[in-house]
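File shown: target30.txt. Contents: compact mmCIF, C-alpha atoms.
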```txt
# COMPACT_ATOMS: atom_id res chain seq x y z
CA MET D 256 -2.71 -23.42 3.65
CA ALA D 257 -0.85 -20.64 5.47
CA ARG D 258 -2.76 -18.78 8.14
CA HIS D 259 -3.75 -15.22 7.31
CA PRO D 260 -3.29 -13.22 10.51
CA HIS D 261 -4.96 -10.10 9.16
CA THR D 262 -8.34 -11.87 9.07
CA ALA D 263 -8.87 -11.72 12.83
CA ARG D 264 -10.12 -8.58 14.58
CA ARG D 265 -9.02 -7.43 18.00
CA LEU D 266 -10.44 -4.78 20.32
CA LEU D 267 -7.86 -2.44 21.85
CA PRO D 268 -7.88 0.73 23.91
CA THR D 269 -8.40 3.92 21.99
CA ALA D 270 -5.37 5.65 23.50
CA LEU D 271 -1.81 4.42 23.50
CA THR D 272 -0.81 4.26 27.18
CA ALA D 273 2.73 4.40 28.48
CA VAL D 274 2.75 0.61 28.77
CA ALA D 275 1.49 0.22 25.20
CA ALA D 276 4.10 2.69 24.01
CA ALA D 277 6.79 0.54 25.56
CA THR D 278 5.27 -2.48 23.84
CA ALA D 279 5.34 -0.65 20.52
CA LEU D 280 9.02 0.10 21.01
CA THR D 281 9.73 -3.55 21.82
CA ALA D 282 7.73 -4.76 18.82
CA GLY D 283 9.56 -2.40 16.49
CA LEU D 284 13.01 -2.44 18.02
CA LEU D 285 15.03 -3.23 14.92
CA ALA D 286 17.36 -0.66 13.40
CA THR D 287 17.18 0.11 9.70
CA ALA D 288 18.80 -2.21 7.25
CA GLY D 289 19.75 0.15 4.44
CA THR D 290 17.95 2.13 1.45
CA GLY D 291 4.87 7.98 -4.55
CA ASN D 292 3.98 9.07 -6.28
CA ALA D 293 5.31 11.24 -9.08
CA THR D 294 7.66 12.99 -6.63
CA ALA D 295 9.40 12.18 -3.38
CA GLY D 296 7.68 13.08 -0.14
CA THR D 297 8.11 16.57 1.24
CA ASP D 298 9.44 17.34 4.69
CA SER D 299 8.95 20.74 6.32
CA GLY D 300 11.17 19.75 9.22
CA VAL D 301 8.27 20.09 11.65
CA ALA D 302 7.53 17.09 13.83
CA SER D 303 3.78 17.21 13.32
CA VAL D 304 1.41 14.49 14.49
CA PRO D 305 -2.21 13.58 13.70
CA SER D 306 -4.67 16.04 15.22
CA ALA D 307 -8.17 16.62 13.84
CA ILE D 308 -9.88 13.84 11.87
CA ARG D 309 -13.10 14.19 9.88
CA THR D 310 -15.10 12.16 7.38
CA VAL D 311 -14.65 13.27 3.77
CA SER D 312 -16.92 10.64 2.23
CA SER D 313 -18.98 7.63 3.35
CA GLY D 314 -20.93 4.86 1.63
CA TRP D 315 -17.93 2.99 0.21
CA THR D 316 -17.50 -0.76 -0.18
CA VAL D 317 -13.85 -1.84 0.11
CA PRO D 318 -12.03 1.18 -1.36
CA TRP D 319 -8.50 -0.02 -2.15
CA GLY D 320 -6.33 2.25 -4.32
CA LEU D 321 -6.12 6.05 -4.30
CA SER D 322 -4.14 8.40 -6.54
CA TRP D 323 -4.29 12.16 -7.02
CA LEU D 324 -5.27 14.07 -10.14
CA PRO D 325 -3.58 17.41 -10.87
CA ASP D 326 -6.75 19.30 -9.82
CA GLY D 327 -6.47 17.91 -6.27
CA ALA D 328 -9.25 15.34 -6.57
CA ALA D 329 -8.48 11.65 -6.10
CA LEU D 330 -9.26 8.60 -8.18
CA VAL D 331 -10.32 5.72 -5.91
CA THR D 332 -10.82 2.05 -6.80
CA GLU D 333 -13.32 -0.31 -5.19
CA ARG D 334 -11.85 -3.79 -5.04
CA ASP D 335 -15.00 -5.88 -5.45
CA SER D 336 -17.18 -3.66 -7.66
CA PHE D 337 -14.32 -3.05 -10.17
CA LYS D 338 -15.34 0.62 -10.28
CA ILE D 339 -13.25 3.79 -10.25
CA PHE D 340 -14.59 6.96 -8.65
CA LYS D 341 -13.44 10.55 -8.62
CA LEU D 342 -13.56 12.04 -5.12
CA THR D 343 -13.08 15.77 -4.63
CA GLN D 344 -11.67 17.26 -1.45
CA SER D 345 -15.14 18.62 -0.66
CA GLY D 346 -16.48 15.04 -0.70
CA THR D 347 -18.25 14.92 -4.06
CA ARG D 348 -18.05 11.40 -5.50
CA THR D 349 -18.57 10.60 -9.19
CA GLN D 350 -18.23 7.21 -10.85
CA VAL D 351 -15.63 7.37 -13.62
CA GLY D 352 -16.18 3.88 -15.03
CA THR D 353 -15.71 0.15 -14.55
CA VAL D 354 -12.46 -1.65 -15.37
CA PRO D 355 -12.93 -4.62 -17.73
CA ASN D 356 -11.54 -8.15 -17.26
CA VAL D 357 -11.41 -7.95 -13.46
CA VAL D 358 -12.45 -10.89 -11.28
CA THR D 359 -12.54 -11.43 -7.54
CA THR D 360 -10.79 -14.32 -5.81
CA GLY D 361 -13.11 -14.63 -2.84
CA GLY D 362 -10.28 -13.17 -0.78
CA GLU D 363 -7.87 -10.35 -1.59
CA GLY D 364 -8.00 -10.19 -5.39
CA GLY D 365 -9.98 -7.81 -7.59
CA LEU D 366 -9.41 -4.20 -8.62
CA LEU D 367 -6.45 -3.07 -6.52
CA GLY D 368 -3.97 -0.22 -6.92
CA ILE D 369 -4.18 2.86 -9.11
CA ALA D 370 -1.58 5.42 -10.18
CA VAL D 371 -2.27 8.59 -12.13
CA SER D 372 0.40 9.32 -14.74
CA PRO D 373 2.75 12.16 -13.73
CA ASN D 374 2.02 13.49 -17.25
CA TRP D 375 -1.75 13.11 -16.98
CA ASN D 376 -2.46 16.58 -18.38
CA THR D 377 -0.92 15.50 -21.70
CA ASP D 378 -1.37 11.70 -21.84
CA HIS D 379 -4.55 11.21 -19.69
CA SER D 380 -3.16 7.85 -18.58
CA ILE D 381 -3.89 5.94 -15.40
CA TYR D 382 -2.28 2.67 -14.32
CA LEU D 383 -4.01 -0.15 -12.47
CA MET D 384 -3.25 -3.55 -11.01
CA HIS D 385 -6.02 -6.13 -10.97
CA THR D 386 -6.81 -9.81 -10.86
CA SER D 387 -8.10 -11.41 -14.06
CA SER D 388 -9.45 -14.91 -14.74
CA SER D 389 -5.90 -16.17 -15.34
CA ASP D 390 -3.44 -13.90 -13.52
CA ASN D 391 -2.67 -10.62 -11.83
CA ARG D 392 -1.81 -7.89 -14.32
CA ILE D 393 -0.80 -4.27 -14.64
CA VAL D 394 -2.77 -2.27 -17.19
CA ARG D 395 -2.99 1.24 -18.56
CA MET D 396 -6.22 3.06 -19.32
CA THR D 397 -7.11 6.59 -20.35
CA TYR D 398 -9.30 8.97 -18.39
CA ASP D 399 -9.91 12.29 -20.09
CA GLY D 400 -11.79 13.80 -17.17
CA THR D 401 -15.09 12.41 -18.44
CA SER D 402 -14.81 8.81 -19.58
CA LEU D 403 -12.64 5.75 -18.99
CA GLY D 404 -11.27 3.68 -21.89
CA GLY D 405 -8.24 2.42 -23.77
CA TYR D 406 -7.64 -0.74 -21.73
CA THR D 407 -4.08 -1.95 -22.49
CA VAL D 408 -2.26 -4.80 -20.74
CA LEU D 409 1.33 -3.85 -19.86
CA VAL D 410 2.40 -6.77 -17.64
CA SER D 411 0.60 -10.11 -17.46
CA GLY D 412 1.38 -13.53 -16.04
CA ILE D 413 1.79 -12.46 -12.41
CA ALA D 414 0.61 -15.44 -10.36
CA LYS D 415 -2.70 -15.01 -8.53
CA ASN D 416 -4.44 -16.83 -5.71
CA ARG D 417 -7.21 -16.23 -3.21
CA TYR D 418 -4.74 -14.36 -1.01
CA HIS D 419 -1.31 -12.72 -1.38
CA ASN D 420 -1.88 -10.72 -4.56
CA GLY D 421 0.02 -7.56 -3.57
CA GLY D 422 -1.46 -4.85 -5.73
CA ARG D 423 -0.02 -1.40 -5.00
CA VAL D 424 1.17 0.68 -7.99
CA LYS D 425 2.88 4.09 -7.67
CA PHE D 426 5.15 6.31 -9.71
CA GLY D 427 8.47 7.03 -8.05
CA PRO D 428 10.51 10.24 -8.07
CA ASP D 429 12.52 8.75 -10.95
CA GLY D 430 9.43 8.72 -13.18
CA TYR D 431 9.18 4.92 -13.27
CA LEU D 432 6.20 2.83 -12.18
CA TYR D 433 6.63 0.56 -9.15
CA ALA D 434 4.32 -2.35 -8.31
CA THR D 435 4.06 -4.78 -5.40
CA THR D 436 3.31 -8.46 -6.05
CA GLY D 437 2.46 -11.15 -3.50
CA ASP D 438 3.76 -14.71 -3.47
CA ALA D 439 0.30 -16.02 -4.50
CA GLN D 440 0.42 -18.46 -1.56
CA ASN D 441 3.47 -20.17 -3.09
CA ALA D 442 6.28 -18.96 -0.85
CA ASN D 443 9.07 -20.32 -3.02
CA LEU D 444 8.19 -17.85 -5.78
CA ALA D 445 9.44 -14.99 -3.60
CA GLN D 446 13.01 -16.35 -3.78
CA ASN D 447 12.86 -17.12 -7.50
CA ALA D 448 14.40 -14.15 -9.31
CA SER D 449 12.81 -15.35 -12.57
CA SER D 450 9.30 -15.09 -11.12
CA LEU D 451 7.33 -11.84 -10.92
CA SER D 452 5.68 -12.94 -7.65
CA GLY D 453 6.80 -11.90 -4.18
CA LYS D 454 8.59 -8.89 -5.61
CA ILE D 455 8.70 -5.16 -6.06
CA LEU D 456 8.69 -4.42 -9.78
CA ARG D 457 10.03 -1.28 -11.49
CA MET D 458 9.08 -0.43 -15.06
CA THR D 459 8.74 2.21 -17.74
CA PRO D 460 5.27 3.65 -18.45
CA ASP D 461 5.03 1.08 -21.28
CA GLY D 462 5.64 -1.85 -18.94
CA ARG D 463 9.26 -2.55 -19.90
CA PRO D 464 12.06 -3.13 -17.37
CA ALA D 465 13.30 0.24 -16.14
CA PRO D 466 16.93 1.11 -16.91
CA GLY D 467 19.25 0.08 -14.11
CA ASN D 468 17.06 -2.73 -12.75
CA PRO D 469 19.38 -5.21 -10.99
CA PHE D 470 18.56 -8.33 -13.02
CA GLY D 471 17.73 -6.72 -16.36
CA THR D 472 14.09 -7.68 -15.78
CA LEU D 473 11.10 -6.02 -14.12
CA VAL D 474 12.29 -7.25 -10.71
CA TYR D 475 13.66 -4.54 -8.40
CA SER D 476 13.74 -6.43 -5.08
CA LEU D 477 12.75 -9.93 -3.99
CA GLY D 478 11.89 -12.02 -0.95
CA HIS D 479 8.52 -10.39 -0.22
CA ARG D 480 5.46 -12.26 1.08
CA ASN D 481 2.55 -9.90 0.44
CA PRO D 482 3.75 -6.29 0.06
CA GLN D 483 1.08 -3.60 -0.25
CA GLY D 484 2.64 -0.35 0.94
CA LEU D 485 5.05 1.88 -1.00
CA ALA D 486 6.24 5.39 -0.12
CA TRP D 487 9.24 7.63 -0.78
CA ASP D 488 10.69 9.87 1.89
CA ALA D 489 11.96 13.43 1.45
CA GLN D 490 15.32 12.18 0.19
CA GLY D 491 13.72 9.85 -2.34
CA ARG D 492 14.36 6.61 -0.45
CA LEU D 493 11.80 3.86 -1.02
CA TRP D 494 10.02 2.28 1.96
CA GLU D 495 7.71 -0.73 1.83
CA ALA D 496 5.20 -2.40 4.17
CA GLU D 497 4.22 -6.07 3.95
CA PHE D 498 2.18 -8.74 5.66
CA GLY D 499 4.01 -11.39 7.62
CA ASN D 500 2.63 -14.87 8.17
CA THR D 501 2.10 -15.70 11.86
CA ARG D 502 4.91 -13.82 13.60
CA PHE D 503 6.00 -10.46 12.21
CA ASP D 504 4.85 -7.79 9.78
CA GLU D 505 7.56 -5.62 8.27
CA LEU D 506 8.53 -2.08 7.33
CA ASN D 507 11.45 -2.30 4.89
CA LEU D 508 13.84 0.23 3.43
CA ILE D 509 14.14 -0.96 -0.16
CA GLU D 510 17.35 -1.07 -2.17
CA SER D 511 17.80 -2.34 -5.70
CA GLY D 512 18.54 -6.06 -5.93
CA LYS D 513 18.26 -6.83 -2.24
CA ASN D 514 16.57 -9.91 -0.81
CA TYR D 515 14.11 -9.26 2.02
CA GLY D 516 14.00 -12.80 3.28
CA TRP D 517 10.63 -14.48 2.78
CA PRO D 518 10.16 -17.43 3.27
CA VAL D 519 13.63 -18.02 4.74
CA CYS D 520 13.05 -15.23 7.26
CA GLU D 521 9.95 -13.65 8.76
CA GLY D 522 11.12 -10.49 10.45
CA SER D 523 14.73 -10.14 11.49
CA CYS D 524 17.14 -13.06 11.03
CA THR D 525 20.86 -13.75 10.73
CA THR D 526 20.80 -15.64 7.42
CA ALA D 527 23.51 -14.43 5.05
CA GLY D 528 22.22 -12.48 2.05
CA MET D 529 18.92 -11.47 3.67
CA THR D 530 18.08 -7.84 4.44
CA ASN D 531 16.41 -7.26 7.79
CA PRO D 532 13.38 -4.98 8.21
CA ALA D 533 13.67 -1.44 9.50
CA ARG D 534 10.81 -2.16 11.90
CA GLN D 535 8.67 -5.17 12.71
CA TRP D 536 5.39 -5.70 14.52
CA THR D 537 3.50 -8.74 15.68
CA THR D 538 0.76 -9.57 13.20
CA SER D 539 -1.99 -8.67 15.68
CA GLU D 540 -0.60 -5.13 15.94
CA ALA D 541 -0.38 -4.38 12.24
CA SER D 542 -1.12 -6.51 9.15
CA PRO D 543 -0.24 -3.44 7.11
CA SER D 544 -1.55 -2.30 3.77
CA ALA D 545 -0.78 1.20 2.46
CA LEU D 546 2.11 3.44 3.45
CA ALA D 547 2.57 7.22 3.15
CA PHE D 548 5.29 9.73 4.03
CA ALA D 549 4.46 13.15 5.43
CA ASP D 550 6.43 15.74 7.38
CA GLY D 551 9.27 13.53 8.55
CA ALA D 552 7.31 10.38 9.31
CA LEU D 553 5.93 7.28 7.66
CA TYR D 554 2.26 6.44 8.22
CA LEU D 555 1.31 2.76 8.00
CA ALA D 556 -2.36 1.72 7.76
CA ALA D 557 -3.08 -1.50 9.69
CA LEU D 558 -5.88 -3.92 8.90
CA ARG D 559 -5.95 -6.51 11.66
CA GLY D 560 -4.27 -4.04 14.00
CA GLU D 561 -7.01 -1.47 13.28
CA ARG D 562 -4.74 1.52 13.85
CA LEU D 563 -2.53 4.01 12.05
CA TRP D 564 1.15 3.71 12.92
CA ARG D 565 3.37 6.81 12.80
CA VAL D 566 7.07 6.00 12.38
CA PRO D 567 9.52 8.94 12.52
CA VAL D 568 12.29 8.85 9.91
CA THR D 569 15.69 10.52 10.23
CA GLY D 570 17.91 9.64 7.29
CA THR D 571 17.91 5.85 7.14
CA ASP D 572 16.96 5.50 10.81
CA THR D 573 13.47 5.04 12.21
CA GLY D 574 12.24 6.24 15.58
CA THR D 575 9.74 4.72 17.98
CA PRO D 576 6.43 3.81 16.30
CA VAL D 577 3.31 5.30 17.89
CA ALA D 578 -0.24 4.10 17.20
CA TYR D 579 -3.27 6.33 16.54
CA TYR D 580 -7.01 5.52 16.38
CA ALA D 581 -6.61 1.98 17.79
CA SER D 582 -9.93 0.15 17.25
CA GLN D 583 -11.80 3.41 16.60
CA TYR D 584 -12.42 3.04 12.87
CA GLY D 585 -11.81 -0.65 12.16
CA ARG D 586 -9.65 -1.98 9.35
CA LEU D 587 -7.48 0.73 7.83
CA ARG D 588 -6.48 0.01 4.23
CA THR D 589 -5.20 3.06 2.38
CA VAL D 590 -3.37 6.18 3.49
CA GLU D 591 -2.03 8.93 1.23
CA LYS D 592 -0.68 12.43 1.79
CA LEU D 593 -2.72 15.27 0.30
CA PRO D 594 -0.73 17.19 -2.31
CA GLY D 595 0.44 20.55 -1.00
CA GLN D 596 -1.13 20.05 2.42
CA ASN D 597 0.14 18.71 5.73
CA ALA D 598 -2.71 16.23 5.86
CA LEU D 599 -3.58 12.63 5.03
CA TRP D 600 -6.51 10.77 3.55
CA LEU D 601 -7.26 7.45 5.25
CA ALA D 602 -9.71 4.82 3.97
CA THR D 603 -11.25 1.82 5.72
CA THR D 604 -12.18 -1.61 4.37
CA ASN D 605 -14.61 -2.84 7.00
CA ALA D 606 -17.07 -4.05 4.36
CA ASP D 607 -14.79 -6.87 3.27
CA ALA D 608 -15.25 -10.45 4.50
CA ASN D 609 -12.80 -9.93 7.35
CA GLY D 610 -14.43 -6.75 8.59
CA GLY D 611 -17.92 -8.20 8.59
CA GLU D 612 -19.67 -4.87 7.98
CA PRO D 613 -22.38 -4.42 5.32
CA ALA D 614 -21.81 -2.93 1.88
CA GLY D 615 -21.44 0.84 2.08
CA ALA D 616 -19.92 0.79 5.57
CA ASP D 617 -16.52 2.16 4.56
CA ARG D 618 -15.34 5.74 4.83
CA VAL D 619 -12.60 8.09 3.69
CA PHE D 620 -11.22 10.39 6.38
CA GLN D 621 -9.01 13.45 6.36
CA ILE D 622 -6.38 13.76 9.10
CA ASP D 623 -4.70 17.11 9.72
CA LEU D 624 -1.07 16.96 10.86
CA ARG D 625 0.00 19.66 13.33
```
Show me this structure written as structure tokens.
Amino acid sequence: MARHPHTARRLLPTALTAVAAATALTAGLLATAGTGNATAGTDSGVASVPSAIRTVSSGWTVPWGLSWLPDGAALVTERDSFKIFKLTQSGTRTQVGTVPNVVTTGGEGGLLGIAVSPNWNTDHSIYLMHTSSSDNRIVRMTYDGTSLGGYTVLVSGIAKNRYHNGGRVKFGPDGYLYATTGDAQNANLAQNASSLSGKILRMTPDGRPAPGNPFGTLVYSLGHRNPQGLAWDAQGRLWEAEFGNTRFDELNLIESGKNYGWPVCEGSCTTAGMTNPARQWTTSEASPSALAFADGALYLAALRGERLWRVPVTGTDTGTPVAYYASQYGRLRTVEKLPGQNALWLATTNADANGGEPAGADRVFQIDLR
């Protein structure tokens, strides 16, 4: 079975020294290879960086997905409890309900990503990806502000395994739902255009292939190992973060129909037909999960690397990555930009098997960008 580099923890200095900055540049030296929520990211043109950080909420156990309601509160999933909570910006947490038909895999499966419909005020729909007894699936439910119901399967038959289940779901600026799927520990599925595994999927709110998809199916891009991060920049370009195997994790600029290499390539390669990453890191430095865009930069949450990477973006080019909070808060799983604010929410998953912390050890932070 393939090694899972994100399972190991590593203690690092809390500040990025000049030597470490040079290392970060070397680890992410590749140039971009080509081309959120309901809208593209916003960019004020100010090169802000993380400044103050504070705890919004504590007592969580493996929070995984986060999506914003129109009132500014977030819906947050817990992977292993199968519960959804509403979390206000003042820190008030209320359980919304429990998603049916979810199972764990003893690894990375369970209740994963969540996306609030861009038309939630009228349709009260939320979208989820989860592991079931037979597969990974994308479902729609209704949340009217009080109760959770209306479980409807939109996409089923996505291969599952203990690891490599992907799981992020987000609406893009085009109004379509995007989802990341892992290779389910069967690397060959990532190169099989007929398989839903090892892919980025793009679909209508009813789970049908979105118009313009390159193969006429749900598949938007292929050759992914275990993608978990999706974000759109200010120009509406799609970026993606994914786990490598033993050598390199990747930040990719996603274009329709392109092949991102796995398992033929891990990181940059010269194989014809494969699209190289925009940036790459050694697996000990990253093992990335979620990805967010804010104020001209991408923010990548690292699990094994236990840090938040800031990657400046200018057009289709990326600048030198810089790490924040190295080894200060443990395994960083989810990062999202606050609507209408130059700030991020950042969630840990130290209470999973790889973090080794007890239930209730995880937190949600707010980071101001200045």
* Pick out the residues sitting within 6 Å of range 448-460 of chain D, and hand them over as a VMD selection string; count all atoms listed in the file, and ignore anything fewer than 4 positions along from it in its own chain. => chain D and resid 413 431 to 438 444 464 to 465 473 to 477 479 to 480
Selection above as a file: C-alpha atoms, as a compact mmCIF listing (two decimals), keeping the file's coordinate frame:
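Written out: out_31.txt:
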```
# COMPACT_ATOMS: atom_id res chain seq x y z
CA ILE D 413 1.79 -12.46 -12.41
CA TYR D 431 9.18 4.92 -13.27
CA LEU D 432 6.20 2.83 -12.18
CA TYR D 433 6.63 0.56 -9.15
CA ALA D 434 4.32 -2.35 -8.31
CA THR D 435 4.06 -4.78 -5.40
CA THR D 436 3.31 -8.46 -6.05
CA GLY D 437 2.46 -11.15 -3.50
CA ASP D 438 3.76 -14.71 -3.47
CA LEU D 444 8.19 -17.85 -5.78
CA PRO D 464 12.06 -3.13 -17.37
CA ALA D 465 13.30 0.24 -16.14
CA LEU D 473 11.10 -6.02 -14.12
CA VAL D 474 12.29 -7.25 -10.71
CA TYR D 475 13.66 -4.54 -8.40
CA SER D 476 13.74 -6.43 -5.08
CA LEU D 477 12.75 -9.93 -3.99
CA HIS D 479 8.52 -10.39 -0.22
CA ARG D 480 5.46 -12.26 1.08
```
Closest atom pairs, range 308-406 of chain D residues within 12 Å of range 527-550 of chain D, all atoms listed in the file, as JSON lines:
```
{"residue": "D:Pro318", "atom": "CA", "partner": "D:Ala545", "partner_atom": "CA", "distance": 11.9}
{"residue": "D:Trp319", "atom": "CA", "partner": "D:Ala545", "partner_atom": "CA", "distance": 9.1}
{"residue": "D:Gly320", "atom": "CA", "partner": "D:Ala545", "partner_atom": "CA", "distance": 8.8}
{"residue": "D:Leu321", "atom": "CA", "partner": "D:Ala545", "partner_atom": "CA", "distance": 9.9}
{"residue": "D:Ser322", "atom": "CA", "partner": "D:Ala547", "partner_atom": "CA", "distance": 11.8}
{"residue": "D:Glu363", "atom": "CA", "partner": "D:Ser544", "partner_atom": "CA", "distance": 11.6}
{"residue": "D:Leu367", "atom": "CA", "partner": "D:Ser544", "partner_atom": "CA", "distance": 11.4}
{"residue": "D:Gly368", "atom": "CA", "partner": "D:Ala545", "partner_atom": "CA", "distance": 10.0}
```
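Ranking D:His379, D:Arg309, D:Arg463, D:His385 by their shortest atom-to-atom distance to Arg334 in chain D, with all atoms listed in the file included, puts D:His385 first.
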* For range 351-353 of chain D, please output as a ChimeraX atom specification all residues within 12 Å (counting only C-alpha atoms; exclusion window: fewer than 5 positions along the same chain). => /D:329-342,358,366,381,383,396-406
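The smallest atom-to-atom distance between Asn468 in chain D and any of D:Glu510, D:Glu521, D:Asp572, D:Asp390, using all atoms listed in the file, is found for D:Glu510.
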* Report the distance between CA of Thr575 in chain D and CA of Ser306 in chain D in Å, rounded to one decimal place. => 18.5 Å
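Comparing D:Gly427, D:Gly314, D:Gly462, D:Pro373 by their smallest distance to Ser411 in chain D, the closest is D:Gly462 (using all atoms listed in the file).
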* Asked: At what distance in Å, to one decimal, does CA of Asn376 in chain D lie from CA of Val408 in chain D?
  -> 21.5 Å
